[in-house]
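The file my_file.pdb contains PDB, C-alpha atoms and all ligand atoms:
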```
ATOM      1  CA  MET A   1      65.268 124.220 154.566  1.00  0.00           C
ATOM      2  CA  THR A   2      64.885 120.447 154.331  1.00  0.00           C
ATOM      3  CA  ARG A   3      62.085 118.773 152.410  1.00  0.00           C
ATOM      4  CA  ALA A   4      60.524 117.534 155.678  1.00  0.00           C
ATOM      5  CA  ASN A   5      60.354 121.121 156.937  1.00  0.00           C
ATOM      6  CA  GLU A   6      58.841 122.314 153.671  1.00  0.00           C
ATOM      7  CA  LEU A   7      56.210 119.578 153.862  1.00  0.00           C
ATOM      8  CA  LEU A   8      55.415 120.592 157.443  1.00  0.00           C
ATOM      9  CA  LYS A   9      54.932 124.156 156.252  1.00  0.00           C
ATOM     10  CA  ILE A  10      52.472 122.984 153.584  1.00  0.00           C
ATOM     11  CA  ARG A  11      50.658 120.909 156.209  1.00  0.00           C
ATOM     12  CA  GLU A  12      50.216 123.950 158.420  1.00  0.00           C
ATOM     13  CA  LEU A  13      49.000 125.929 155.424  1.00  0.00           C
ATOM     14  CA  LEU A  14      46.406 123.278 154.589  1.00  0.00           C
ATOM     15  CA  GLN A  15      45.209 123.091 158.187  1.00  0.00           C
ATOM     16  CA  ARG A  16      44.900 126.858 158.389  1.00  0.00           C
ATOM     17  CA  ARG A  17      43.002 126.921 155.080  1.00  0.00           C
ATOM     18  CA  ARG A  18      40.683 124.197 156.403  1.00  0.00           C
ATOM     19  CA  ARG A  19      39.893 126.260 159.511  1.00  0.00           C
ATOM     20  CA  GLU A  20      39.343 129.360 157.354  1.00  0.00           C
ATOM     21  CA  ILE A  21      36.836 127.558 155.136  1.00  0.00           C
ATOM     22  CA  LEU A  22      34.983 126.149 158.108  1.00  0.00           C
ATOM     23  CA  SER A  23      34.705 129.470 159.933  1.00  0.00           C
ATOM     24  CA  ALA A  24      33.825 131.365 156.725  1.00  0.00           C
ATOM     25  CA  ASN A  25      31.168 128.763 156.058  1.00  0.00           C
ATOM     26  CA  LEU A  26      29.754 129.207 159.534  1.00  0.00           C
ATOM     27  CA  GLY A  27      29.696 132.981 159.093  1.00  0.00           C
ATOM     28  CA  ALA A  28      28.022 132.776 155.696  1.00  0.00           C
ATOM     29  CA  HIS A  29      25.496 130.345 157.075  1.00  0.00           C
ATOM     30  CA  ARG A  30      24.571 132.699 159.920  1.00  0.00           C
ATOM     31  CA  GLU A  31      24.363 135.689 157.594  1.00  0.00           C
ATOM     32  CA  LEU A  32      22.099 133.969 155.098  1.00  0.00           C
ATOM     33  CA  THR A  33      19.941 132.408 157.778  1.00  0.00           C
ATOM     34  CA  SER A  34      19.335 135.749 159.479  1.00  0.00           C
ATOM     35  CA  LEU A  35      18.569 137.293 156.096  1.00  0.00           C
ATOM     36  CA  LYS A  36      15.950 134.618 155.564  1.00  0.00           C
ATOM     37  CA  ASP A  37      14.476 135.133 159.025  1.00  0.00           C
ATOM     38  CA  GLN A  38      14.159 138.877 158.511  1.00  0.00           C
ATOM     39  CA  GLU A  39      12.298 138.439 155.300  1.00  0.00           C
ATOM     40  CA  ARG A  40       9.940 135.698 156.295  1.00  0.00           C
ATOM     41  CA  ASP A  41       6.847 137.018 154.602  1.00  0.00           C
ATOM     42  CA  PRO A  42       4.136 135.492 152.403  1.00  0.00           C
ATOM     43  CA  GLU A  43       4.903 137.968 149.603  1.00  0.00           C
ATOM     44  CA  TYR A  44       6.288 136.403 146.442  1.00  0.00           C
ATOM     45  CA  GLU A  45       9.378 138.592 146.258  1.00  0.00           C
ATOM     46  CA  GLU A  46      10.447 137.713 149.743  1.00  0.00           C
ATOM     47  CA  ASN A  47      10.088 134.035 148.967  1.00  0.00           C
ATOM     48  CA  ALA A  48      12.253 134.479 145.906  1.00  0.00           C
ATOM     49  CA  GLN A  49      14.795 136.199 148.113  1.00  0.00           C
ATOM     50  CA  ALA A  50      14.832 133.278 150.510  1.00  0.00           C
ATOM     51  CA  GLU A  51      15.234 130.836 147.639  1.00  0.00           C
ATOM     52  CA  LEU A  52      18.155 132.816 146.352  1.00  0.00           C
ATOM     53  CA  ALA A  53      19.750 132.689 149.807  1.00  0.00           C
ATOM     54  CA  ASP A  54      19.270 128.920 149.858  1.00  0.00           C
ATOM     55  CA  TYR A  55      20.827 128.592 146.443  1.00  0.00           C
ATOM     56  CA  THR A  56      23.794 130.820 147.323  1.00  0.00           C
ATOM     57  CA  LEU A  57      24.415 128.878 150.493  1.00  0.00           C
ATOM     58  CA  SER A  58      24.299 125.446 148.881  1.00  0.00           C
ATOM     59  CA  SER A  59      26.529 126.381 145.947  1.00  0.00           C
ATOM     60  CA  LEU A  60      28.969 128.104 148.271  1.00  0.00           C
ATOM     61  CA  MET A  61      29.073 125.066 150.492  1.00  0.00           C
ATOM     62  CA  GLU A  62      29.466 122.723 147.545  1.00  0.00           C
ATOM     63  CA  ALA A  63      32.694 124.396 146.399  1.00  0.00           C
ATOM     64  CA  GLN A  64      34.026 124.559 149.928  1.00  0.00           C
ATOM     65  CA  ARG A  65      33.069 120.981 150.680  1.00  0.00           C
ATOM     66  CA  ARG A  66      35.075 119.935 147.660  1.00  0.00           C
ATOM     67  CA  GLU A  67      38.098 121.919 148.852  1.00  0.00           C
ATOM     68  CA  ILE A  68      37.808 120.444 152.360  1.00  0.00           C
ATOM     69  CA  MET A  69      37.778 116.975 150.795  1.00  0.00           C
ATOM     70  CA  LEU A  70      40.952 117.761 148.850  1.00  0.00           C
ATOM     71  CA  ILE A  71      42.610 119.131 151.989  1.00  0.00           C
ATOM     72  CA  ASP A  72      41.576 116.078 154.017  1.00  0.00           C
ATOM     73  CA  ALA A  73      42.928 113.764 151.323  1.00  0.00           C
ATOM     74  CA  ALA A  74      46.248 115.637 151.350  1.00  0.00           C
ATOM     75  CA  LEU A  75      46.420 115.526 155.169  1.00  0.00           C
ATOM     76  CA  ARG A  76      45.697 111.779 155.088  1.00  0.00           C
ATOM     77  CA  ARG A  77      48.518 111.300 152.603  1.00  0.00           C
ATOM     78  CA  MET A  78      50.767 113.232 154.984  1.00  0.00           C
ATOM     79  CA  ASP A  79      49.746 110.960 157.876  1.00  0.00           C
ATOM     80  CA  MET A  80      50.560 107.919 155.746  1.00  0.00           C
ATOM     81  CA  GLY A  81      53.888 109.450 154.850  1.00  0.00           C
ATOM     82  CA  VAL A  82      53.242 109.383 151.120  1.00  0.00           C
ATOM     83  CA  PHE A  83      52.394 113.039 150.614  1.00  0.00           C
ATOM     84  CA  GLY A  84      54.559 114.601 147.943  1.00  0.00           C
ATOM     85  CA  ASP A  85      55.337 111.286 146.266  1.00  0.00           C
ATOM     86  CA  CYS A  86      54.046 110.813 142.725  1.00  0.00           C
ATOM     87  CA  VAL A  87      51.352 108.096 142.683  1.00  0.00           C
ATOM     88  CA  ASP A  88      52.527 106.966 139.247  1.00  0.00           C
ATOM     89  CA  CYS A  89      56.320 106.895 139.284  1.00  0.00           C
ATOM     90  CA  GLY A  90      56.848 107.060 143.071  1.00  0.00           C
ATOM     91  CA  TYR A  91      59.443 109.787 142.858  1.00  0.00           C
ATOM     92  CA  GLU A  92      59.229 112.917 145.003  1.00  0.00           C
ATOM     93  CA  ILE A  93      57.201 115.759 143.538  1.00  0.00           C
ATOM     94  CA  PRO A  94      59.365 118.922 143.572  1.00  0.00           C
ATOM     95  CA  ILE A  95      58.534 121.163 146.534  1.00  0.00           C
ATOM     96  CA  GLU A  96      58.064 124.128 144.162  1.00  0.00           C
ATOM     97  CA  ARG A  97      55.204 122.246 142.512  1.00  0.00           C
ATOM     98  CA  LEU A  98      53.623 121.321 145.860  1.00  0.00           C
ATOM     99  CA  GLU A  99      53.767 124.918 147.030  1.00  0.00           C
ATOM    100  CA  VAL A 100      51.687 125.963 144.019  1.00  0.00           C
ATOM    101  CA  LEU A 101      49.559 122.805 143.885  1.00  0.00           C
ATOM    102  CA  PRO A 102      49.410 121.305 147.393  1.00  0.00           C
ATOM    103  CA  PHE A 103      46.789 118.783 146.213  1.00  0.00           C
ATOM    104  CA  ALA A 104      49.005 117.438 143.427  1.00  0.00           C
ATOM    105  CA  ILE A 105      49.452 113.663 143.580  1.00  0.00           C
ATOM    106  CA  ARG A 106      51.576 113.381 140.435  1.00  0.00           C
ATOM    107  CA  CYS A 107      54.825 114.876 139.197  1.00  0.00           C
ATOM    108  CA  GLU A 108      54.457 117.294 136.322  1.00  0.00           C
ATOM    109  CA  GLU A 109      55.398 114.725 133.708  1.00  0.00           C
ATOM    110  CA  ASP A 110      52.922 112.102 134.923  1.00  0.00           C
ATOM    111  CA  ALA A 111      50.186 114.704 135.463  1.00  0.00           C
ATOM    112  CA  THR A 112      50.514 115.799 131.832  1.00  0.00           C
ATOM    113  CA  ARG A 113      50.476 112.200 130.624  1.00  0.00           C
ATOM    114  CA  HIS A 114      47.510 111.367 132.861  1.00  0.00           C
ATOM    115  CA  GLU A 115      45.604 114.368 131.555  1.00  0.00           C
ATOM    116  CA  LEU A 116      46.239 113.361 127.955  1.00  0.00           C
ATOM    117  CA  GLU A 117      45.168 109.803 128.669  1.00  0.00           C
ATOM    118  CA  THR A 118      41.956 110.718 130.472  1.00  0.00           C
ATOM    119  CA  ARG A 119      40.925 113.682 128.340  1.00  0.00           C
ATOM    120  CA  GLY A 120      39.557 111.522 125.521  1.00  0.00           C
ATOM    121  CA  GLY A 121      37.809 109.210 127.962  1.00  0.00           C
ATOM    122  CA  PRO A 122      37.244 105.486 127.480  1.00  0.00           C
ATOM    123  CA  SER A 123      35.704 106.052 124.034  1.00  0.00           C
ATOM    124  CA  ALA A 124      38.948 107.477 122.645  1.00  0.00           C
ATOM    125  CA  THR A 125      40.381 105.381 119.847  1.00  0.00           C
ATOM    126  CA  PRO A 126      43.407 103.463 121.136  1.00  0.00           C
ATOM    127  CA  SER A 127      46.502 103.957 119.014  1.00  0.00           C
ATOM    128  CA  LEU A 128      48.092 100.775 117.680  1.00  0.00           C
TER
HETATM  129 ZN    ZN B 201      55.633 110.771 138.409  1.00  0.00          ZN
END
```
Since I need it in another form, could you write the structure as structure tokens?
Ligand SMILES: [Zn+2]
Amino acid sequence: MTRANELLKIRELLQRRRREILSANLGAHRELTSLKDQERDPEYEENAQAELADYTLSSLMEAQRREIMLIDAALRRMDMGVFGDCVDCGYEIPIERLEVLPFAIRCEEDATRHELETRGGPSATPSL
């Protein structure tokens, strides 16, 4: 299989994942909303229940929103024709790495270096 075909496969995977998140989100939303409607009651415990449903929904959506953003960024990079190229050295990221980490924008070497550089943050003492 050529690299272009492999990239196409990853694109389809990302698009499918995107649809899955969106439909799961919709399902969860309906479920939690109906739960809230059933238990609409002035009693304290029911209110707590509704609050919990709100919390579950927003935290669930937060994680999924983040994943959708990563997927969209990857799809945009595909549209621009730069997906799979390391943003630091410009060389192609091995397909094996992209299959495991489809959101990777750096080759393994540069990702490790980047992580080391950013871990300490701007307050890290520069080495002379
Ligand atoms: Zn690189």
12 Å shell around ligand ZN 201 (chain B) using all atoms listed in the file, listed as a PyMOL selection string: chain A and resi 84-94+104-114
Atomic separation - CA of Asp54 (chain A) relative to CA of Arg30 (chain A), Å: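 Value for the CA of Arg30 (chain A)-CA of Asp54 (chain A) distance: 12.0 Å.
Of the listed residues (A:Ser58, A:Ile71, A:Leu7, A:Gly27), A:Leu7 comes nearest to Phe83 (chain A); the distances count all atoms listed in the file.
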How big is the axis-aligned box, and where does its centre sit, when it encloses all atoms of region 73-79 of chain A listed in the file and has 4 Å added on every side, reported in Å to one decimal as lines of an AutoDock Vina configuration file?
```
center_x = 46.8
center_y = 113.3
center_z = 154.6
size_x = 15.8
size_y = 12.7
size_z = 14.6
```
Picked residues, the PyMOL selection byres (((chain A and resi 18) around 12) and not hetatm), expected as a PyMOL selection string: chain A and resi 11-17+19-25+64-75
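Note that CA of Thr118 (chain A) and CA of Met80 (chain A) are 26.8 Å apart.
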Separation of CA of Ile10 (chain A) from CA of Ser59 (chain A), in Å and rounded to one decimal: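 CA of Ser59 (chain A) lies 27.3 Å from CA of Ile10 (chain A).
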Please complete region 75-86 of chain A so it has all heavy atoms, and hand it over as an mmCIF file, in the coordinates of the input.
```
data_model
loop_
_atom_site.group_PDB
_atom_site.id
_atom_site.type_symbol
_atom_site.label_atom_id
_atom_site.label_comp_id
_atom_site.auth_asym_id
_atom_site.auth_seq_id
_atom_site.Cartn_x
_atom_site.Cartn_y
_atom_site.Cartn_z
ATOM 1 N N LEU A 75 45.983 115.741 153.781
ATOM 2 C CA LEU A 75 46.420 115.526 155.169
ATOM 3 C C LEU A 75 46.541 114.024 155.466
ATOM 4 O O LEU A 75 47.453 113.604 156.179
ATOM 5 C CB LEU A 75 45.440 116.186 156.144
ATOM 6 C CG LEU A 75 45.439 117.728 156.140
ATOM 7 C CD1 LEU A 75 44.330 118.270 157.033
ATOM 8 C CD2 LEU A 75 46.789 118.282 156.603
ATOM 9 N N ARG A 76 45.628 113.236 154.895
ATOM 10 C CA ARG A 76 45.697 111.779 155.088
ATOM 11 C C ARG A 76 46.960 111.225 154.464
ATOM 12 O O ARG A 76 47.631 110.368 155.038
ATOM 13 C CB ARG A 76 44.464 111.104 154.464
ATOM 14 C CG ARG A 76 43.569 110.433 155.504
ATOM 15 C CD ARG A 76 42.560 109.479 154.930
ATOM 16 N NE ARG A 76 42.009 109.859 153.636
ATOM 17 C CZ ARG A 76 40.939 110.640 153.465
ATOM 18 N NH1 ARG A 76 40.320 111.142 154.509
ATOM 19 N NH2 ARG A 76 40.479 110.922 152.268
ATOM 20 N N ARG A 77 47.290 111.750 153.269
ATOM 21 C CA ARG A 77 48.518 111.300 152.603
ATOM 22 C C ARG A 77 49.735 111.687 153.430
ATOM 23 O O ARG A 77 50.733 110.963 153.453
ATOM 24 C CB ARG A 77 48.594 111.879 151.187
ATOM 25 C CG ARG A 77 47.631 111.178 150.213
ATOM 26 C CD ARG A 77 47.535 111.905 148.877
ATOM 27 N NE ARG A 77 48.825 112.031 148.196
ATOM 28 C CZ ARG A 77 49.428 111.049 147.563
ATOM 29 N NH1 ARG A 77 48.862 109.869 147.490
ATOM 30 N NH2 ARG A 77 50.601 111.225 146.987
ATOM 31 N N MET A 78 49.657 112.818 154.109
ATOM 32 C CA MET A 78 50.767 113.232 154.984
ATOM 33 C C MET A 78 50.897 112.260 156.159
ATOM 34 O O MET A 78 51.996 111.859 156.525
ATOM 35 C CB MET A 78 50.527 114.652 155.498
ATOM 36 C CG MET A 78 50.815 115.707 154.459
ATOM 37 S SD MET A 78 50.349 117.345 155.047
ATOM 38 C CE MET A 78 50.811 118.344 153.623
ATOM 39 N N ASP A 79 49.735 111.895 156.750
ATOM 40 C CA ASP A 79 49.746 110.960 157.876
ATOM 41 C C ASP A 79 50.331 109.614 157.470
ATOM 42 O O ASP A 79 51.008 108.952 158.252
ATOM 43 C CB ASP A 79 48.320 110.750 158.409
ATOM 44 C CG ASP A 79 47.826 111.974 159.180
ATOM 45 O OD1 ASP A 79 48.686 112.770 159.624
ATOM 46 O OD2 ASP A 79 46.609 112.140 159.324
ATOM 47 N N MET A 80 50.051 109.199 156.230
ATOM 48 C CA MET A 80 50.560 107.919 155.746
ATOM 49 C C MET A 80 52.015 108.017 155.288
ATOM 50 O O MET A 80 52.632 107.022 154.968
ATOM 51 C CB MET A 80 49.687 107.417 154.576
ATOM 52 C CG MET A 80 48.266 107.063 155.002
ATOM 53 S SD MET A 80 47.320 106.217 153.690
ATOM 54 C CE MET A 80 47.328 107.411 152.372
ATOM 55 N N GLY A 81 52.499 109.258 155.244
ATOM 56 C CA GLY A 81 53.888 109.450 154.850
ATOM 57 C C GLY A 81 54.143 109.352 153.356
ATOM 58 O O GLY A 81 55.270 109.156 152.924
ATOM 59 N N VAL A 82 53.061 109.469 152.571
ATOM 60 C CA VAL A 82 53.242 109.383 151.120
ATOM 61 C C VAL A 82 52.968 110.714 150.430
ATOM 62 O O VAL A 82 53.047 110.811 149.204
ATOM 63 C CB VAL A 82 52.334 108.286 150.494
ATOM 64 C CG1 VAL A 82 52.735 106.919 151.008
ATOM 65 C CG2 VAL A 82 50.861 108.551 150.776
ATOM 66 N N PHE A 83 52.659 111.738 151.227
ATOM 67 C CA PHE A 83 52.394 113.039 150.614
ATOM 68 C C PHE A 83 53.645 113.536 149.896
ATOM 69 O O PHE A 83 54.751 113.446 150.432
ATOM 70 C CB PHE A 83 51.974 114.065 151.674
ATOM 71 C CG PHE A 83 51.717 115.439 151.107
ATOM 72 C CD1 PHE A 83 50.496 115.753 150.550
ATOM 73 C CD2 PHE A 83 52.721 116.398 151.114
ATOM 74 C CE1 PHE A 83 50.265 117.012 150.016
ATOM 75 C CE2 PHE A 83 52.489 117.662 150.575
ATOM 76 C CZ PHE A 83 51.260 117.963 150.025
ATOM 77 N N GLY A 84 53.428 114.063 148.683
ATOM 78 C CA GLY A 84 54.559 114.601 147.943
ATOM 79 C C GLY A 84 55.258 113.571 147.077
ATOM 80 O O GLY A 84 56.190 113.900 146.358
ATOM 81 N N ASP A 85 54.788 112.312 147.152
ATOM 82 C CA ASP A 85 55.337 111.286 146.266
ATOM 83 C C ASP A 85 54.363 111.099 145.108
ATOM 84 O O ASP A 85 53.157 111.024 145.316
ATOM 85 C CB ASP A 85 55.509 109.954 147.000
ATOM 86 C CG ASP A 85 56.539 110.041 148.120
ATOM 87 O OD1 ASP A 85 57.348 110.994 148.096
ATOM 88 O OD2 ASP A 85 56.521 109.168 149.004
ATOM 89 N N CYS A 86 54.886 111.004 143.907
ATOM 90 C CA CYS A 86 54.046 110.813 142.725
ATOM 91 C C CYS A 86 53.393 109.429 142.792
ATOM 92 O O CYS A 86 54.060 108.434 143.062
ATOM 93 C CB CYS A 86 54.895 110.945 141.465
ATOM 94 S SG CYS A 86 53.996 110.547 139.958
#
```
